[in-house]
Amino acid sequence: MDKNKFIIILVWFLDVLSMWIVIPTLPELVKFYSVSPQMISYWVAVYALCALLATSILWQLSDIYWRKKILLLCVIWSFISSLIIPIYPIYLVFLIARAVNWITGWNISILQSIISDISKSKEERAKNMGIIWAIFGGWFIFGPLFWAILLHFWPMMPYWFMAVFSLVEVFIIWFLFSETNEHIHHRKIKFNLIKQLVEHLKIPRLNYFMISFFLLVTAFYIYQSVLPLYLSKHYWVSGSFSGYVMATSGLVLALNQWLLMGRFWLKKFNSNQLIFIINISLLIFYLLLTIVEPLYLFVGLLILLLPFRALLNPVYQSEIIEYTEVHKRWEIMWVLTSLQSLAMFIGPLLGWLLLEKNISIFGFSAIFIIISIIFVAKIVRFES
(Lines give C-alpha, C1' and ligand atoms only; values in the text may rest on other atoms or scores of the structure.)
Protein backbone atom coordinates (compact mmCIF):
# COMPACT_ATOMS: atom_id res chain seq x y z
CA MET A 1 0.00 0.00 0.00
CA ASP A 2 1.18 3.52 -0.81
CA LYS A 3 2.77 5.18 2.26
CA ASN A 4 0.63 8.33 2.04
CA LYS A 5 -2.50 6.26 1.57
CA PHE A 6 -1.72 4.25 4.70
CA ILE A 7 -1.03 7.45 6.66
CA ILE A 8 -4.31 9.03 5.56
CA ILE A 9 -6.25 5.90 6.52
CA LEU A 10 -4.57 5.89 9.94
CA VAL A 11 -5.15 9.63 10.51
CA TRP A 12 -8.80 9.33 9.47
CA PHE A 13 -9.24 6.31 11.77
CA LEU A 14 -7.95 8.33 14.75
CA ASP A 15 -10.08 11.32 13.68
CA VAL A 16 -13.21 9.20 13.51
CA LEU A 17 -12.59 7.77 16.98
CA SER A 18 -12.45 11.32 18.31
CA MET A 19 -15.07 12.92 16.06
CA TRP A 20 -18.27 11.82 17.80
CA ILE A 21 -16.87 11.57 21.29
CA VAL A 22 -19.45 13.97 22.73
CA ILE A 23 -22.48 11.77 21.93
CA PRO A 24 -21.80 8.89 24.36
CA THR A 25 -20.54 11.32 27.02
CA LEU A 26 -23.61 13.61 27.00
CA PRO A 27 -25.44 12.08 30.03
CA GLU A 28 -22.26 12.19 32.12
CA LEU A 29 -21.47 15.75 31.01
CA VAL A 30 -24.86 16.97 32.24
CA LYS A 31 -23.90 15.79 35.73
CA PHE A 32 -20.26 16.80 35.49
CA TYR A 33 -20.96 20.42 34.50
CA SER A 34 -24.23 20.67 36.47
CA VAL A 35 -26.13 22.08 33.51
CA SER A 36 -29.41 21.18 31.82
CA PRO A 37 -29.57 18.68 28.94
CA GLN A 38 -30.62 21.60 26.73
CA MET A 39 -27.43 23.51 27.61
CA ILE A 40 -25.21 20.52 26.96
CA SER A 41 -26.91 19.91 23.62
CA TYR A 42 -25.87 23.33 22.29
CA TRP A 43 -22.77 21.60 20.95
CA VAL A 44 -24.97 20.30 18.11
CA ALA A 45 -25.59 23.84 16.89
CA VAL A 46 -21.89 24.62 17.33
CA TYR A 47 -21.03 21.53 15.28
CA ALA A 48 -23.33 22.46 12.40
CA LEU A 49 -21.89 25.97 12.17
CA CYS A 50 -18.24 24.99 12.58
CA ALA A 51 -18.39 21.99 10.24
CA LEU A 52 -19.87 24.13 7.46
CA LEU A 53 -17.22 26.80 7.99
CA ALA A 54 -14.43 24.23 8.10
CA THR A 55 -15.60 22.55 4.90
CA SER A 56 -15.35 25.79 2.96
CA ILE A 57 -12.06 27.02 4.38
CA LEU A 58 -9.83 23.98 4.93
CA TRP A 59 -10.14 22.67 1.39
CA GLN A 60 -9.12 26.01 -0.05
CA LEU A 61 -6.23 26.50 2.36
CA SER A 62 -4.85 23.03 1.60
CA ASP A 63 -5.15 23.75 -2.10
CA ILE A 64 -3.33 27.08 -1.82
CA TYR A 65 -0.75 26.46 0.93
CA TRP A 66 -0.02 22.69 0.69
CA ARG A 67 -1.97 19.78 2.19
CA LYS A 68 0.64 18.76 4.77
CA LYS A 69 1.02 22.22 6.27
CA ILE A 70 -2.72 22.79 6.79
CA LEU A 71 -3.39 19.21 7.95
CA LEU A 72 -0.61 19.54 10.51
CA LEU A 73 -2.01 22.82 11.82
CA CYS A 74 -5.43 21.17 12.14
CA VAL A 75 -4.24 18.26 14.26
CA ILE A 76 -2.08 20.54 16.46
CA TRP A 77 -5.11 22.71 17.24
CA SER A 78 -7.22 19.60 17.81
CA PHE A 79 -4.62 18.40 20.31
CA ILE A 80 -4.64 21.73 22.18
CA SER A 81 -8.44 22.01 22.28
CA SER A 82 -8.81 18.40 23.45
CA LEU A 83 -6.26 18.93 26.20
CA ILE A 84 -8.00 22.06 27.50
CA ILE A 85 -11.33 20.29 28.22
CA PRO A 86 -10.17 17.99 31.06
CA ILE A 87 -7.70 20.58 32.43
CA TYR A 88 -10.31 23.36 32.75
CA PRO A 89 -13.64 21.74 33.76
CA ILE A 90 -15.81 24.77 32.95
CA TYR A 91 -18.78 24.46 30.60
CA LEU A 92 -17.98 27.61 28.61
CA VAL A 93 -14.42 26.36 28.11
CA PHE A 94 -15.85 23.02 26.96
CA LEU A 95 -18.10 24.72 24.41
CA ILE A 96 -15.30 26.93 23.02
CA ALA A 97 -12.85 24.02 22.89
CA ARG A 98 -15.41 21.87 21.08
CA ALA A 99 -15.97 24.68 18.58
CA VAL A 100 -12.24 24.86 17.87
CA ASN A 101 -12.04 21.08 17.62
CA TRP A 102 -14.95 20.86 15.18
CA ILE A 103 -13.27 23.41 12.92
CA THR A 104 -9.83 21.83 12.95
CA GLY A 105 -10.97 18.25 13.51
CA TRP A 106 -13.29 18.25 10.49
CA ASN A 107 -10.30 17.67 8.24
CA ILE A 108 -11.97 15.01 6.10
CA SER A 109 -12.06 17.76 3.48
CA ILE A 110 -8.24 17.73 3.35
CA LEU A 111 -8.05 13.94 3.53
CA GLN A 112 -10.43 13.60 0.57
CA SER A 113 -8.29 16.07 -1.37
CA ILE A 114 -5.22 13.95 -0.64
CA ILE A 115 -7.08 10.81 -1.75
CA SER A 116 -7.91 12.59 -5.00
CA ASP A 117 -4.23 13.58 -5.40
CA ILE A 118 -2.84 10.05 -5.03
CA SER A 119 -5.52 8.24 -7.05
CA LYS A 120 -4.28 7.45 -10.56
CA SER A 121 -7.69 6.68 -12.08
CA LYS A 122 -11.41 7.17 -11.56
CA GLU A 123 -11.78 3.57 -10.38
CA GLU A 124 -8.93 3.87 -7.90
CA ARG A 125 -10.38 7.13 -6.57
CA ALA A 126 -13.76 5.48 -5.99
CA LYS A 127 -12.08 2.57 -4.21
CA ASN A 128 -10.01 4.90 -2.00
CA MET A 129 -13.05 7.04 -1.20
CA GLY A 130 -14.83 3.82 -0.27
CA ILE A 131 -12.11 3.00 2.25
CA ILE A 132 -12.45 6.43 3.85
CA TRP A 133 -16.21 6.01 4.23
CA ALA A 134 -15.80 2.41 5.39
CA ILE A 135 -13.76 3.66 8.35
CA PHE A 136 -16.52 6.17 9.06
CA GLY A 137 -19.08 3.33 9.06
CA GLY A 138 -16.80 1.21 11.22
CA TRP A 139 -16.99 3.81 13.97
CA PHE A 140 -20.64 2.87 14.54
CA ILE A 141 -19.41 -0.58 15.56
CA PHE A 142 -16.42 0.17 17.79
CA GLY A 143 -16.71 3.84 18.76
CA PRO A 144 -19.61 3.74 21.23
CA LEU A 145 -18.21 0.63 22.94
CA PHE A 146 -14.75 2.19 23.33
CA TRP A 147 -16.01 5.44 24.81
CA ALA A 148 -18.52 3.65 27.06
CA ILE A 149 -15.65 1.69 28.63
CA LEU A 150 -13.64 4.87 29.21
CA LEU A 151 -16.62 6.58 30.86
CA HIS A 152 -16.54 3.98 33.65
CA PHE A 153 -13.33 5.61 34.90
CA TRP A 154 -14.06 9.38 34.66
CA PRO A 155 -16.24 11.60 32.44
CA MET A 156 -13.13 13.41 31.19
CA MET A 157 -11.16 10.23 30.42
CA PRO A 158 -12.30 10.07 26.75
CA TYR A 159 -11.00 13.61 26.21
CA TRP A 160 -7.53 12.67 27.45
CA PHE A 161 -7.55 9.84 24.92
CA MET A 162 -8.70 12.23 22.22
CA ALA A 163 -5.71 14.48 23.01
CA VAL A 164 -3.39 11.47 22.80
CA PHE A 165 -4.84 10.49 19.40
CA SER A 166 -4.28 14.02 18.07
CA LEU A 167 -0.70 14.04 19.37
CA VAL A 168 -0.02 10.73 17.59
CA GLU A 169 -1.41 12.28 14.38
CA VAL A 170 0.96 15.25 14.75
CA PHE A 171 4.03 12.99 14.79
CA ILE A 172 2.74 10.77 11.96
CA ILE A 173 2.05 13.71 9.64
CA TRP A 174 5.19 15.65 10.60
CA PHE A 175 7.69 12.83 10.10
CA LEU A 176 6.06 10.41 7.67
CA PHE A 177 3.61 12.20 5.38
CA SER A 178 4.84 13.50 2.01
CA GLU A 179 3.14 16.39 0.23
CA THR A 180 0.71 15.25 -2.49
CA ASN A 181 -0.55 18.51 -3.94
CA GLU A 182 1.20 19.00 -7.29
CA HIS A 183 -1.25 21.64 -8.48
CA ILE A 184 -0.70 24.60 -6.14
CA HIS A 185 -2.91 27.39 -7.39
CA HIS A 186 -2.67 30.71 -5.56
CA ARG A 187 -5.91 32.63 -5.49
CA LYS A 188 -8.27 34.46 -3.18
CA ILE A 189 -10.25 32.37 -0.72
CA LYS A 190 -13.93 32.09 -1.63
CA PHE A 191 -16.60 32.23 1.06
CA ASN A 192 -19.84 32.42 -0.91
CA LEU A 193 -21.14 28.84 -1.02
CA ILE A 194 -24.40 29.80 -2.75
CA LYS A 195 -22.53 31.44 -5.61
CA GLN A 196 -20.30 28.39 -6.09
CA LEU A 197 -23.31 26.05 -5.96
CA VAL A 198 -25.16 28.05 -8.62
CA GLU A 199 -22.08 28.09 -10.86
CA HIS A 200 -21.75 24.30 -10.75
CA LEU A 201 -25.47 23.81 -11.26
CA LYS A 202 -25.06 25.56 -14.59
CA ILE A 203 -22.62 22.93 -15.84
CA PRO A 204 -24.35 20.25 -17.95
CA ARG A 205 -24.18 16.74 -16.56
CA LEU A 206 -22.57 17.83 -13.27
CA ASN A 207 -25.81 19.55 -12.25
CA TYR A 208 -27.77 16.30 -12.70
CA PHE A 209 -25.21 14.39 -10.64
CA MET A 210 -25.32 16.97 -7.84
CA ILE A 211 -29.12 17.05 -7.66
CA SER A 212 -29.34 13.25 -7.72
CA PHE A 213 -26.69 13.00 -4.98
CA PHE A 214 -28.52 15.50 -2.76
CA LEU A 215 -31.87 13.73 -3.19
CA LEU A 216 -30.45 10.30 -2.35
CA VAL A 217 -28.52 11.50 0.70
CA THR A 218 -31.58 13.37 1.99
CA ALA A 219 -33.73 10.25 1.53
CA PHE A 220 -31.22 8.32 3.64
CA TYR A 221 -31.08 10.85 6.49
CA ILE A 222 -34.88 11.11 6.65
CA TYR A 223 -35.11 7.60 8.07
CA GLN A 224 -31.65 7.24 9.62
CA SER A 225 -32.16 10.20 11.93
CA VAL A 226 -35.38 8.86 13.45
CA LEU A 227 -34.80 5.12 13.17
CA PRO A 228 -34.73 4.42 16.96
CA LEU A 229 -37.95 6.41 17.37
CA TYR A 230 -39.53 4.62 14.41
CA LEU A 231 -38.66 1.18 15.80
CA SER A 232 -39.91 2.14 19.25
CA LYS A 233 -43.18 3.54 17.92
CA HIS A 234 -44.02 0.77 15.44
CA TYR A 235 -42.43 -2.29 17.07
CA TRP A 236 -42.13 -1.29 20.76
CA VAL A 237 -38.49 -2.31 20.92
CA SER A 238 -35.91 -0.97 23.37
CA GLY A 239 -33.22 1.57 22.65
CA SER A 240 -30.64 -1.20 23.03
CA PHE A 241 -32.25 -3.10 20.15
CA SER A 242 -32.00 -0.01 17.95
CA GLY A 243 -28.37 0.29 18.96
CA TYR A 244 -27.68 -3.27 17.85
CA VAL A 245 -29.40 -2.57 14.52
CA MET A 246 -27.25 0.53 13.96
CA ALA A 247 -24.08 -1.32 14.95
CA THR A 248 -24.92 -4.08 12.46
CA SER A 249 -25.57 -1.40 9.85
CA GLY A 250 -22.12 0.05 10.47
CA LEU A 251 -20.58 -3.40 10.06
CA VAL A 252 -22.36 -3.99 6.74
CA LEU A 253 -21.33 -0.56 5.42
CA ALA A 254 -17.73 -1.08 6.44
CA LEU A 255 -17.49 -4.59 4.97
CA ASN A 256 -19.06 -3.50 1.69
CA GLN A 257 -16.63 -0.61 1.23
CA TRP A 258 -13.57 -2.47 2.45
CA LEU A 259 -14.12 -5.78 0.67
CA LEU A 260 -16.64 -5.39 -2.14
CA MET A 261 -15.96 -1.94 -3.56
CA GLY A 262 -12.72 -2.79 -5.37
CA ARG A 263 -13.13 -6.56 -5.65
CA PHE A 264 -16.68 -6.70 -6.96
CA TRP A 265 -18.59 -3.49 -7.70
CA LEU A 266 -15.85 -1.63 -9.60
CA LYS A 267 -14.75 -4.78 -11.44
CA LYS A 268 -18.19 -5.95 -12.57
CA PHE A 269 -19.89 -2.62 -13.39
CA ASN A 270 -19.01 0.71 -14.95
CA SER A 271 -19.94 4.01 -13.30
CA ASN A 272 -23.22 4.51 -15.20
CA GLN A 273 -24.35 1.00 -14.29
CA LEU A 274 -23.46 1.56 -10.64
CA ILE A 275 -25.44 4.79 -10.53
CA PHE A 276 -28.51 3.02 -11.91
CA ILE A 277 -27.98 0.12 -9.51
CA ILE A 278 -27.83 2.52 -6.55
CA ASN A 279 -31.03 4.35 -7.51
CA ILE A 280 -33.17 1.39 -8.59
CA SER A 281 -32.11 -0.80 -5.66
CA LEU A 282 -32.78 1.91 -3.08
CA LEU A 283 -36.19 2.59 -4.61
CA ILE A 284 -37.15 -1.10 -4.44
CA PHE A 285 -36.02 -1.44 -0.82
CA TYR A 286 -37.74 1.78 0.29
CA LEU A 287 -41.02 0.67 -1.31
CA LEU A 288 -40.76 -2.74 0.36
CA LEU A 289 -40.08 -1.08 3.73
CA THR A 290 -43.34 0.86 3.44
CA ILE A 291 -45.43 -2.35 3.28
CA VAL A 292 -43.53 -4.99 5.24
CA GLU A 293 -44.80 -5.62 8.78
CA PRO A 294 -42.89 -8.38 10.69
CA LEU A 295 -39.94 -6.94 12.59
CA TYR A 296 -37.46 -9.54 11.35
CA LEU A 297 -38.35 -8.79 7.71
CA PHE A 298 -38.17 -5.05 8.30
CA VAL A 299 -34.72 -5.23 9.90
CA GLY A 300 -33.56 -7.67 7.20
CA LEU A 301 -34.54 -5.27 4.42
CA LEU A 302 -32.95 -2.39 6.30
CA ILE A 303 -29.66 -4.26 6.43
CA LEU A 304 -29.82 -5.50 2.83
CA LEU A 305 -30.21 -1.99 1.39
CA LEU A 306 -26.98 -0.82 3.03
CA PRO A 307 -24.53 -2.22 0.44
CA PHE A 308 -26.25 0.02 -2.14
CA ARG A 309 -26.22 2.98 0.25
CA ALA A 310 -22.50 2.33 0.79
CA LEU A 311 -21.88 2.87 -2.93
CA LEU A 312 -23.49 6.30 -2.97
CA ASN A 313 -20.71 8.57 -1.65
CA PRO A 314 -17.64 7.02 -3.32
CA VAL A 315 -19.30 6.42 -6.72
CA TYR A 316 -21.02 9.81 -7.02
CA GLN A 317 -18.09 11.80 -5.63
CA SER A 318 -15.54 10.05 -7.82
CA GLU A 319 -17.69 10.53 -10.92
CA ILE A 320 -18.27 14.21 -10.25
CA ILE A 321 -14.58 14.84 -9.53
CA GLU A 322 -13.64 13.06 -12.76
CA TYR A 323 -15.55 15.64 -14.82
CA THR A 324 -14.26 18.64 -12.89
CA GLU A 325 -11.23 20.68 -13.94
CA VAL A 326 -8.27 19.96 -11.62
CA HIS A 327 -8.15 23.46 -10.10
CA LYS A 328 -11.89 23.33 -9.47
CA ARG A 329 -11.90 19.97 -7.67
CA TRP A 330 -11.45 21.46 -4.21
CA GLU A 331 -14.47 23.65 -4.95
CA ILE A 332 -16.78 20.87 -6.13
CA MET A 333 -15.80 18.73 -3.14
CA TRP A 334 -16.61 21.67 -0.89
CA VAL A 335 -20.01 22.00 -2.59
CA LEU A 336 -20.73 18.26 -2.30
CA THR A 337 -19.85 18.15 1.38
CA SER A 338 -22.00 21.21 1.99
CA LEU A 339 -24.88 19.55 0.14
CA GLN A 340 -24.49 16.53 2.39
CA SER A 341 -24.47 18.78 5.47
CA LEU A 342 -27.66 20.39 4.19
CA ALA A 343 -29.21 16.93 3.73
CA MET A 344 -28.18 16.05 7.31
CA PHE A 345 -30.10 19.14 8.44
CA ILE A 346 -33.21 18.71 6.26
CA GLY A 347 -33.49 14.92 6.70
CA PRO A 348 -34.06 14.88 10.48
CA LEU A 349 -36.58 17.74 10.27
CA LEU A 350 -38.61 15.86 7.67
CA GLY A 351 -38.22 12.60 9.58
CA TRP A 352 -39.55 14.07 12.81
CA LEU A 353 -42.48 15.70 10.98
CA LEU A 354 -43.42 12.54 9.07
CA LEU A 355 -43.21 10.39 12.19
CA GLU A 356 -45.40 12.82 14.12
CA LYS A 357 -48.00 12.89 11.30
CA ASN A 358 -47.93 9.08 10.89
CA ILE A 359 -46.75 9.41 7.29
CA SER A 360 -44.47 6.63 6.01
CA ILE A 361 -40.91 7.92 6.13
CA PHE A 362 -39.85 5.31 3.58
CA GLY A 363 -42.72 6.01 1.20
CA PHE A 364 -41.98 9.72 1.37
CA SER A 365 -38.26 9.09 0.81
CA ALA A 366 -39.09 6.93 -2.23
CA ILE A 367 -40.42 10.09 -3.91
CA PHE A 368 -36.95 11.65 -3.61
CA ILE A 369 -35.42 8.56 -5.21
CA ILE A 370 -37.91 8.60 -8.11
CA ILE A 371 -36.96 12.21 -8.84
CA SER A 372 -33.29 11.20 -8.61
CA ILE A 373 -33.87 8.45 -11.20
CA ILE A 374 -35.31 11.04 -13.59
CA PHE A 375 -32.07 13.04 -13.34
CA VAL A 376 -29.99 9.87 -13.72
CA ALA A 377 -31.87 9.14 -16.97
CA LYS A 378 -30.99 12.67 -18.12
CA ILE A 379 -27.30 11.93 -17.46
CA VAL A 380 -27.41 8.87 -19.71
CA ARG A 381 -29.21 10.78 -22.47
CA PHE A 382 -26.66 13.59 -22.15
CA GLU A 383 -23.76 11.14 -22.68
CA SER A 384 -25.43 9.42 -25.63
# chains A, B, ... in the order shown; residues from 1 in each chain; ligands from 1
$ residues_around --residues "Ala366 in chain A" --least-positions-apart "5" --cutoff "9 Å" --atoms "only C-alpha atoms" --output "count of residues only"
8
$ select_by_dssp --residues "range 109-337 of chain A" --states "helix (DSSP H, G or I)" --output "PyMOL selection string"
chain A and resi 109-118+122-151+157-176+193-201+206-224+227-235+239-268+271-291+295-304+306-322+326-337
$ atom_distance --atom1 "CA of Lys378 in chain A" --atom2 "CA of Pro204 in chain A"
10.1 Å
$ atom_distance --atom1 "CA of Ser360 in chain A" --atom2 "CA of Phe375 in chain A"
23.9 Å
$ closest_residue --among "A:Lys267, A:Glu356, A:Pro294, A:Phe32" --to "Tyr235 in chain A" --atoms "only C-alpha atoms"
A:Pro294
$ closest_residue --among "A:Glu179, A:Glu199, A:Glu325, A:Asp2" --to "Ile114 in chain A" --atoms "only C-alpha atoms"
A:Glu179
$ residues_around --residues "Ile132 in chain A" --least-positions-apart "4" --cutoff "12 Å" --atoms "only C-alpha atoms" --output "PyMOL selection string"
chain A and resi 5-16+108-109+111-116+125-128+136-139+253-254+257-258+261+310+313-314
$ residues_around --residues "Ile173 in chain A" --least-positions-apart "6" --cutoff "8 Å" --atoms "only C-alpha atoms" --output "PyMOL selection string"
chain A and resi 7+68+71-72
$ atom_distance --atom1 "CA of Lys357 in chain A" --atom2 "CA of Leu342 in chain A"
22.8 Å
$ residues_around --residues "Ser82 in chain A" --least-positions-apart "4" --cutoff "9 Å" --atoms "only C-alpha atoms" --output "PyMOL selection string"
chain A and resi 77-78+86+97-98+101+159-164+166
$ write_last_selection --atoms "N, CA and C atoms" --output "CSV table (one decimal), in the first residue's frame"
chain,number,residue,atom,x,y,z
A,77,TRP,N,-4.0,22.0,16.5
A,77,TRP,CA,-5.1,22.7,17.2
A,77,TRP,C,-6.1,21.7,17.9
A,78,SER,N,-6.3,20.6,17.2
A,78,SER,CA,-7.2,19.6,17.8
A,78,SER,C,-6.6,19.1,19.1
A,86,PRO,N,-10.3,18.6,29.7
A,86,PRO,CA,-10.2,18.0,31.1
A,86,PRO,C,-9.4,18.8,32.0
A,97,ALA,N,-13.8,25.0,23.3
A,97,ALA,CA,-12.9,24.0,22.9
A,97,ALA,C,-13.5,23.1,21.9
A,98,ARG,N,-14.7,22.7,22.1
A,98,ARG,CA,-15.4,21.9,21.1
A,98,ARG,C,-15.6,22.6,19.7
A,101,ASN,N,-12.3,22.4,18.1
A,101,ASN,CA,-12.0,21.1,17.6
A,101,ASN,C,-12.9,20.7,16.4
A,159,TYR,N,-11.6,12.4,26.8
A,159,TYR,CA,-11.0,13.6,26.2
A,159,TYR,C,-9.5,13.5,26.3
A,160,TRP,N,-9.0,12.9,27.4
A,160,TRP,CA,-7.5,12.7,27.5
A,160,TRP,C,-7.1,11.8,26.3
A,161,PHE,N,-7.9,10.7,26.0
A,161,PHE,CA,-7.5,9.8,24.9
A,161,PHE,C,-7.6,10.6,23.6
A,162,MET,N,-8.6,11.5,23.4
A,162,MET,CA,-8.7,12.2,22.2
A,162,MET,C,-7.4,13.1,22.0
A,163,ALA,N,-6.9,13.7,23.1
A,163,ALA,CA,-5.7,14.5,23.0
A,163,ALA,C,-4.5,13.6,22.6
A,164,VAL,N,-4.5,12.4,23.1
A,164,VAL,CA,-3.4,11.5,22.8
A,164,VAL,C,-3.5,11.1,21.3
A,166,SER,N,-4.7,12.9,18.9
A,166,SER,CA,-4.3,14.0,18.1
A,166,SER,C,-2.8,14.2,18.1
$ residues_around --residues "Tyr296 in chain A" --least-positions-apart "4" --cutoff "12 Å" --atoms "only C-alpha atoms" --output "MDAnalysis selection string"
chainID A and resid 231 235 245 289 292 300:303
$ write_last_selection --atoms "N, CA and C atoms" --output "mmCIF file, in the first residue's frame"
data_model
loop_
_atom_site.group_PDB
_atom_site.id
_atom_site.type_symbol
_atom_site.label_atom_id
_atom_site.label_comp_id
_atom_site.auth_asym_id
_atom_site.auth_seq_id
_atom_site.Cartn_x
_atom_site.Cartn_y
_atom_site.Cartn_z
ATOM 1 N N LEU A 231 -38.599 2.549 15.284
ATOM 2 C CA LEU A 231 -38.658 1.181 15.795
ATOM 3 C C LEU A 231 -39.419 1.117 17.112
ATOM 4 N N TYR A 235 -42.704 -0.917 16.636
ATOM 5 C CA TYR A 235 -42.425 -2.290 17.067
ATOM 6 C C TYR A 235 -42.201 -2.409 18.575
ATOM 7 N N VAL A 245 -29.087 -2.706 15.944
ATOM 8 C CA VAL A 245 -29.396 -2.573 14.518
ATOM 9 C C VAL A 245 -28.425 -1.603 13.858
ATOM 10 N N LEU A 289 -40.048 -1.473 2.317
ATOM 11 C CA LEU A 289 -40.079 -1.083 3.731
ATOM 12 C C LEU A 289 -41.369 -0.360 4.108
ATOM 13 N N VAL A 292 -43.849 -3.821 4.435
ATOM 14 C CA VAL A 292 -43.527 -4.993 5.239
ATOM 15 C C VAL A 292 -43.898 -4.746 6.700
ATOM 16 N N GLY A 300 -34.304 -7.017 8.278
ATOM 17 C CA GLY A 300 -33.559 -7.666 7.200
ATOM 18 C C GLY A 300 -33.457 -6.791 5.964
ATOM 19 N N LEU A 301 -34.560 -6.171 5.570
ATOM 20 C CA LEU A 301 -34.544 -5.269 4.418
ATOM 21 C C LEU A 301 -33.672 -4.046 4.681
ATOM 22 N N LEU A 302 -33.737 -3.559 5.922
ATOM 23 C CA LEU A 302 -32.951 -2.394 6.295
ATOM 24 C C LEU A 302 -31.452 -2.672 6.158
ATOM 25 N N ILE A 303 -31.058 -3.875 6.533
ATOM 26 C CA ILE A 303 -29.655 -4.260 6.432
ATOM 27 C C ILE A 303 -29.257 -4.510 4.982
#
$ closest_residue --among "A:Ser81, A:Phe362, A:Gln224, A:Leu295" --to "Val237 in chain A" --atoms "only C-alpha atoms"
A:Leu295
